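Student: First, the structure itself, so that you have it in front of you.
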Amino acid sequence: MALLAFVWSLTSLRYSWIWKSLLLINVILIGSTLTPWVVEEIKAQENTWVIHFGILASVYFVMLFTDFVAIISALIQGRKRVKGVQKQQINIILGSLAITLSAILITNALFPFGFGYYGLTNAGSFFTAALVSGVAYSIVRLKLFDIRLVVARSLAYVLSIFVIVTLFVSIVFGVSSIAFNVQIPANQKIYIASMSIVIALVFQPIKALFDKVSNKVFFRNDYNPQEFLNKLSKITASTLNLPSVISESSALMVKDFKVEACSFVLLNPDGTVHSRENSSLSQDLIRQFMHELPKNVRSTILYGEDTTGSRLKQAMTRINAEAIIPLNSSNTRVGYLLLGIKSTGQPFNSQDLKILSIGGDSLAVSIQNALRFEEIQNFATTLQTRVDEATRKLRYANDKLKALDETKDDFISMASHQLRTPLTSIKGYISMVQEGDAGKLNDTQKQMLGQAFTSSQRMVYLIADLLNVSRLKTGKFIIDRTPVNLAEVIEQELAQVRETALSRKLDLIYDKPQNFPDLMLDETKTRQVIMNFVDNAIFYTPAGGQILVRLIDKSSSIELRVEDNGIGISKSDQPHLFTKFYRASNARKARPDGTGLGLFMAKKVIIAEEGSLIFETVEGKGSTFGFSFSKSKAGVQQK
Ligand code: ADP
């Protein structure tokens, strides 16, 4: 029976009529075990006991079996409805209970009645250890009960029974022996004491039963205050949605207090009306009513009470309000709850007022939270709209910038193309004049024309750089590979800058290898890269310096190194090199007219040709720029 109750509370199943009748049958049949109808007599035989059963014994066993089935099926049913720790608890109890109950059934029912073997009837009890361990495990590891609470409650219960019984027994026995000089025989004393324990035990349940019955009979229309507050706190705790809080709590008030109407007037923090909820009252009526309502109302105002002035009374009549409950949340007036008259015709009594004041407080907190939540949601929506608007503007600006950027690229591309033709013609004419086609030249004229030619050549490279940058953007940057002999190419490029190097008092040395292999490279672009390295070395090396160009044929790769002993590059500038338009501060001083495009393009070209860059520098000591190509990748064709 105890197991039945335990399992039902563990699985939180409904106390259905099946359960109730099973419990009743249990009570009756357990009671009947005191009579000879279940067990007639028990005889000692050899080493064990033989039991002679009475007429109700079979019914008793059917009941035990039914209990067994009910307990197991309740656990299985309850198991399906829960999750997590609760499921684990039920699993453990189910397992241990199944072991214990089946062992007891086998040793105490199957063996004795099936095979007439009574030898193991005592052993059955040992199997309860399985159940005890299961419950213990669930308590300790799975928090089945709050054991401290159980101990505290049980202790309080036992102590109160103990005190009542001690008081009763000492009063009865003391008074009878002292006042009446009556000596109660010992067996009667035991009887009276044990009866007092029984009465102390049944007092509480009997009182609760009569409370319930009398409440049902005498307060038919009434509500249970505790239940009302429980339901209200369930509503307030379950949602942050203002309409739900209002409509559900209104419905509860109407149902429990039997009021004809229930509406809310909610206030803004500055005391103005925020909204009227669940109300058919016009804004005008509410305004008039609010005008009459004293601002410092602290407790419920009832219609017609002494505190109600005649104007407020009129205003209350107009809005059919019987009670006005101020809603306060931590000293802030959230609003008012307006209740109509009770349909039972009874006035609000003191219990109602107490409950309404407690309920009003919890409603106020919940309404304030809901209002704040609404505010946050509105704020989030406004924020979202603003973000959307800003994103739209940004997108528009971005599109515009992109269009401008494209126009700029088009312009650079077009300008570079246009510049190339006249420049080619300038270069052509200069070289014609240099070769004496326009008459004999003296040394000064030759030198000046040499400078003019070098400058136009540099301009050609600059324009090529600009064109390549715009090609990179438009995806038209293509590597066009042909067999190139770098040893020759370098010689030709260096020939163009020898004049300049000489004029800047620099020693330009080329370590030209013999029999250098051809590589598959884009000749024009690679020329430009080499020229850029050499040009930089010339301009970033002070007079008297040396530039050594080395082309090295290694076993599996080739390497070009342009080494100078010039200004070098500082550590802080080094990470930014090879990015578009970047120029170190010492370079700006040494050569104000640079573009910062050469290294950027060199990197693009070498990477596109599947080579790698060489870059070493020490500030103030010099730099080495160059590239290397693996022979396998660059498609070497041995001469
Ligand atoms: P520019 O030479 O037109 O400034 P580059 O792209 O060719 O543009 O070079 C980028 C920067 O790299 C230069 O401004 C300079 O700071 C640094 N640099 C390149 N080569 C050298 C060098 N040989 N010695 C010192 N600094 C160099």
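In the structure tokens, each chain is lettered A, B, ... as it comes, each chain's residues begin at 1, and ligands are numbered from 1 in order of appearance.
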At a cut-off of 7 Å around ligand 1, and using only C-alpha atoms and all ligand atoms, what residues come up? Please write them as a PyMOL selection string.
Tutor: chain A and resi 532-533+536-537+540-541+564+566-569+577-578+581-588+594-600+622-625
Student: Atoms to include: N, CA and C atoms. Write the selected residues as a compact mmCIF listing (two decimals), in the first residue's frame.
Tutor:
# COMPACT_ATOMS: atom_id res chain seq x y z
N ASN A 532 62.46 47.55 -62.15
CA ASN A 532 62.02 48.20 -60.92
C ASN A 532 63.03 47.97 -59.79
N PHE A 533 63.50 46.70 -59.65
CA PHE A 533 64.48 46.40 -58.59
C PHE A 533 65.76 47.25 -58.78
N ASN A 536 65.13 51.04 -58.21
CA ASN A 536 65.05 51.34 -56.77
C ASN A 536 66.45 51.36 -56.17
N ALA A 537 67.26 50.33 -56.52
CA ALA A 537 68.61 50.24 -55.95
C ALA A 537 69.41 51.50 -56.30
N TYR A 540 67.83 54.50 -54.24
CA TYR A 540 67.88 54.44 -52.78
C TYR A 540 69.29 54.10 -52.27
N THR A 541 70.30 54.33 -53.12
CA THR A 541 71.69 54.14 -52.68
C THR A 541 72.44 55.47 -52.87
N ASP A 564 72.18 46.08 -52.92
CA ASP A 564 72.77 47.42 -52.82
C ASP A 564 73.25 47.67 -51.39
N GLY A 566 72.62 50.62 -49.82
CA GLY A 566 71.98 51.93 -49.67
C GLY A 566 71.29 52.13 -48.34
N ILE A 567 70.18 52.88 -48.41
CA ILE A 567 69.53 53.36 -47.16
C ILE A 567 68.82 52.24 -46.38
N GLY A 568 68.48 51.17 -47.05
CA GLY A 568 67.77 50.07 -46.37
C GLY A 568 66.36 50.47 -45.94
N ILE A 569 65.69 49.55 -45.26
CA ILE A 569 64.29 49.81 -44.87
C ILE A 569 64.12 49.49 -43.39
N LEU A 577 55.74 46.72 -46.97
CA LEU A 577 56.26 46.73 -48.34
C LEU A 577 55.43 45.80 -49.22
N PHE A 578 55.51 45.97 -50.49
CA PHE A 578 54.76 45.18 -51.47
C PHE A 578 53.26 45.45 -51.44
N PHE A 581 50.95 51.50 -53.18
CA PHE A 581 51.28 52.89 -52.86
C PHE A 581 52.12 53.07 -51.60
N TYR A 582 52.64 51.95 -51.01
CA TYR A 582 53.39 52.14 -49.77
C TYR A 582 54.82 52.59 -50.05
N ARG A 583 55.23 53.63 -49.33
CA ARG A 583 56.59 54.14 -49.46
C ARG A 583 57.14 54.43 -48.07
N ALA A 584 58.36 53.95 -47.81
CA ALA A 584 58.96 54.20 -46.48
C ALA A 584 59.35 55.66 -46.37
N SER A 585 59.43 56.16 -45.12
CA SER A 585 59.68 57.60 -44.97
C SER A 585 61.07 58.00 -45.48
N ASN A 586 62.09 57.09 -45.28
CA ASN A 586 63.42 57.47 -45.77
C ASN A 586 63.44 57.53 -47.30
N ALA A 587 62.59 56.72 -47.95
CA ALA A 587 62.52 56.70 -49.41
C ALA A 587 61.87 57.99 -49.93
N ARG A 588 60.88 58.47 -49.19
CA ARG A 588 60.21 59.71 -49.61
C ARG A 588 61.22 60.86 -49.69
N GLY A 594 58.49 59.13 -56.23
CA GLY A 594 58.13 57.70 -56.39
C GLY A 594 56.62 57.47 -56.33
N THR A 595 56.19 56.27 -56.75
CA THR A 595 54.74 55.99 -56.77
C THR A 595 54.31 54.95 -55.74
N GLY A 596 55.22 54.09 -55.36
CA GLY A 596 54.83 53.01 -54.44
C GLY A 596 54.08 51.92 -55.17
N LEU A 597 54.23 51.86 -56.50
CA LEU A 597 53.50 50.83 -57.27
C LEU A 597 54.42 49.70 -57.73
N GLY A 598 55.74 50.00 -57.82
CA GLY A 598 56.68 49.05 -58.40
C GLY A 598 56.72 47.71 -57.69
N LEU A 599 56.94 47.74 -56.35
CA LEU A 599 57.04 46.47 -55.61
C LEU A 599 55.70 45.73 -55.59
N PHE A 600 54.61 46.51 -55.50
CA PHE A 600 53.28 45.90 -55.50
C PHE A 600 53.09 45.08 -56.78
N GLY A 622 71.75 48.51 -46.34
CA GLY A 622 71.48 48.10 -47.72
C GLY A 622 70.37 47.09 -47.82
N SER A 623 69.98 46.79 -49.08
CA SER A 623 68.86 45.86 -49.30
C SER A 623 69.18 44.92 -50.44
N THR A 624 68.48 43.79 -50.43
CA THR A 624 68.55 42.88 -51.56
C THR A 624 67.12 42.57 -51.98
N PHE A 625 66.81 42.84 -53.25
CA PHE A 625 65.50 42.46 -53.79
C PHE A 625 65.76 41.49 -54.93
Student: If you run DSSP on this backbone, which residues of segment 432-563 of chain A come out as strand (DSSP E or B), and could you give them as a list in words?
Tutor: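 Reading the DSSP output for segment 432-563 of chain A, strand (DSSP E or B) covers Thr482, Pro483, Val484, Asp507, Leu508, Ile509, Tyr510, Asp511, Asp518, Leu519, Met520, Leu521, Gln546, Ile547, Leu548, Val549, Arg550, Leu551, Ile552, Asp553, Ser557, Ile558, Glu559, Leu560, Arg561, Val562 and Glu563 of chain A.
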Student: Any chance you could list, as a count of residues only, the residues in segment 400-485 of chain A that come up helix (DSSP H, G or I) when DSSP is run on the backbone?
Tutor: 67
Student: Between A:Asp518, A:Phe168, A:Gln77, A:Ile426, single out the one closest to Leu13 of chain A, counting only C-alpha atoms.
Tutor: A:Gln77
Student: Could you pull the residues within 6 Å of Ala543 of chain A, counting only C-alpha atoms, minus those fewer than 6 positions along the same chain, as a list of chain:residue names?
Tutor: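 The contact residues come out as A:Arg504, A:Lys505, A:Leu506.
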Student: Using the selection just defined, write its residues with N, CA and C atoms as a CSV table (one decimal), in the first residue's frame.
Tutor:
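out_5.csv, written as the output of this step:
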chain,number,residue,atom,x,y,z
A,504,ARG,N,75.0,59.2,-60.9
A,504,ARG,CA,74.8,59.2,-59.5
A,504,ARG,C,76.0,58.6,-58.7
A,505,LYS,N,77.1,58.4,-59.5
A,505,LYS,CA,78.3,57.9,-58.9
A,505,LYS,C,78.2,56.6,-58.2
A,506,LEU,N,77.5,55.7,-58.9
A,506,LEU,CA,77.3,54.4,-58.3
A,506,LEU,C,78.0,53.3,-59.2
Student: Need the shell around Trp37 of chain A: protein/DNA/RNA residues with any atom at most 9 Å away, counting only C-alpha atoms. Skip same-chain ones fewer than 5 positions apart. Format as a PyMOL selection string?
Tutor: chain A and resi 32+53-57
Student: Kindly give the distance, in Å, that separates atom CA of Phe173 of chain A and atom CA of Arg153 of chain A, rounded to a single decimal.
Tutor: 29.9 Å
Student: In Å to one decimal, how far is atom CA of Asp405 of chain A from atom CA of Ile478 of chain A?
Tutor: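 Atom CA of Ile478 of chain A sits 21.5 Å away from atom CA of Asp405 of chain A.
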Student: As an exercise, work out the distance from atom CA of Ala109 of chain A to atom CA of Phe68 of chain A in Å and give it to one decimal place.
Tutor: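 Atom-to-atom, atom CA of Ala109 of chain A and atom CA of Phe68 of chain A are spaced 12.8 Å apart.
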Student: Would you list the contacts of Leu486 of chain A as a list in words, taking every protein, DNA or RNA residue within 8 Å and counting only C-alpha atoms, but skipping same-chain residues closer than 3 positions in sequence?
Tutor: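 Contacts, with the query itself left out: Val489, Ile490, Phe516, Asp518 and Leu519 of chain A.
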Student: For the residues in the current selection, export C-alpha atoms as an mmCIF file, in the first residue's frame.
Tutor:
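See again_3.cif below for the written result:
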data_model
loop_
_atom_site.group_PDB
_atom_site.id
_atom_site.type_symbol
_atom_site.label_atom_id
_atom_site.label_comp_id
_atom_site.auth_asym_id
_atom_site.auth_seq_id
_atom_site.Cartn_x
_atom_site.Cartn_y
_atom_site.Cartn_z
ATOM 1 C CA VAL A 489 67.297 40.466 -70.672
ATOM 2 C CA ILE A 490 69.137 41.734 -67.583
ATOM 3 C CA PHE A 516 71.948 30.488 -68.705
ATOM 4 C CA ASP A 518 65.688 29.807 -70.995
ATOM 5 C CA LEU A 519 62.646 30.101 -68.753
#
Student: Hey, what's within 12 Å of Ser299 of chain A if we count only C-alpha atoms and toss same-chain stuff fewer than 6 positions away? As a ChimeraX atom specification, please?
Tutor: /A:307,323-328,333,336-337,353-354,356-358,360-361
Student: Please save C-alpha atoms of the selected residues as a tab-separated table (two decimals), in the first residue's frame.
Tutor:
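Ended up saving to result23.tsv:
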chain	number	residue	atom	x	y	z
A	307	THR	CA	-13.21	57.94	2.23
A	323	ALA	CA	-13.67	48.56	-5.86
A	324	ILE	CA	-10.51	50.35	-6.96
A	325	ILE	CA	-7.26	48.58	-6.16
A	326	PRO	CA	-4.08	50.63	-6.59
A	327	LEU	CA	-1.31	48.63	-8.26
A	328	ASN	CA	2.09	49.47	-6.79
A	333	ARG	CA	2.12	53.48	-9.18
A	336	TYR	CA	-5.42	50.70	-10.99
A	337	LEU	CA	-7.53	47.58	-11.03
A	353	LEU	CA	-9.64	43.18	0.47
A	354	LYS	CA	-6.65	41.41	1.96
A	356	LEU	CA	-6.94	41.74	-3.51
A	357	SER	CA	-4.18	43.79	-1.95
A	358	ILE	CA	-1.73	40.85	-2.01
A	360	GLY	CA	-2.63	43.54	-6.64
A	361	ASP	CA	1.03	43.71	-5.58
Student: Have a look at A:Phe453, A:Leu302, A:Thr579, A:Gln314 and name the one nearest to Gln288 of chain A; count only C-alpha atoms.
Tutor: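 Of the candidates, the smallest distance to Gln288 of chain A is held by A:Gln314.
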Student: Please list as a PDB file with N, CA and C atoms, in the first residue's frame every residue within 8 Å of Leu240 of chain A, counting only C-alpha atoms and excluding residues in the same chain fewer than 5 positions away.
Tutor:
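Printed below is around-v3.pdb as written:
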ATOM      1  N   VAL A 245      -1.406  38.725 -19.529  1.00  0.00           N
ATOM      2  CA  VAL A 245      -1.496  38.946 -18.072  1.00  0.00           C
ATOM      3  C   VAL A 245      -2.854  39.554 -17.742  1.00  0.00           C
ATOM      4  N   SER A 366       4.153  42.196 -12.159  1.00  0.00           N
ATOM      5  CA  SER A 366       4.090  41.514 -13.451  1.00  0.00           C
ATOM      6  C   SER A 366       3.750  42.495 -14.578  1.00  0.00           C
ATOM      7  N   ASN A 369       6.769  44.598 -15.370  1.00  0.00           N
ATOM      8  CA  ASN A 369       7.720  43.824 -16.177  1.00  0.00           C
ATOM      9  C   ASN A 369       7.257  43.726 -17.620  1.00  0.00           C
ATOM     10  N   ALA A 370       5.944  43.467 -17.781  1.00  0.00           N
ATOM     11  CA  ALA A 370       5.401  43.334 -19.136  1.00  0.00           C
ATOM     12  C   ALA A 370       5.539  44.648 -19.895  1.00  0.00           C
ATOM     13  N   PHE A 373       9.082  45.097 -20.827  1.00  0.00           N
ATOM     14  CA  PHE A 373       9.401  44.177 -21.922  1.00  0.00           C
ATOM     15  C   PHE A 373       8.907  44.747 -23.250  1.00  0.00           C
TER      16      PHE A 373
END
Student: Of the residues A:Met63, A:Val158, A:Ile341, A:Leu4, which is the one nearest to Ile28 of chain A, using only C-alpha atoms?
Tutor: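 For Ile28 of chain A, the nearest of the given residues is A:Met63.
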Student: Can you work out which one of A:Gln528, A:Thr66, A:Ser628, A:Gln434 has the shortest atom-to-atom distance to Gln447 of chain A, counting only C-alpha atoms?
Tutor: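 Of the candidates, the smallest distance to Gln447 of chain A is held by A:Gln434.
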Student: Closest to Leu94 of chain A among A:Gln226, A:Ser630, A:Asn515, A:Ser138, using only C-alpha atoms?
Tutor: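 Of A:Gln226, A:Ser630, A:Asn515, A:Ser138, the one nearest Leu94 of chain A, counting only C-alpha atoms, is A:Ser138.
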Student: Which residue gives the smallest distance to Val265 of chain A among A:Ile367, A:Asn241, A:Asp211, A:Gly304, with only C-alpha atoms counted?
Tutor: A:Ile367
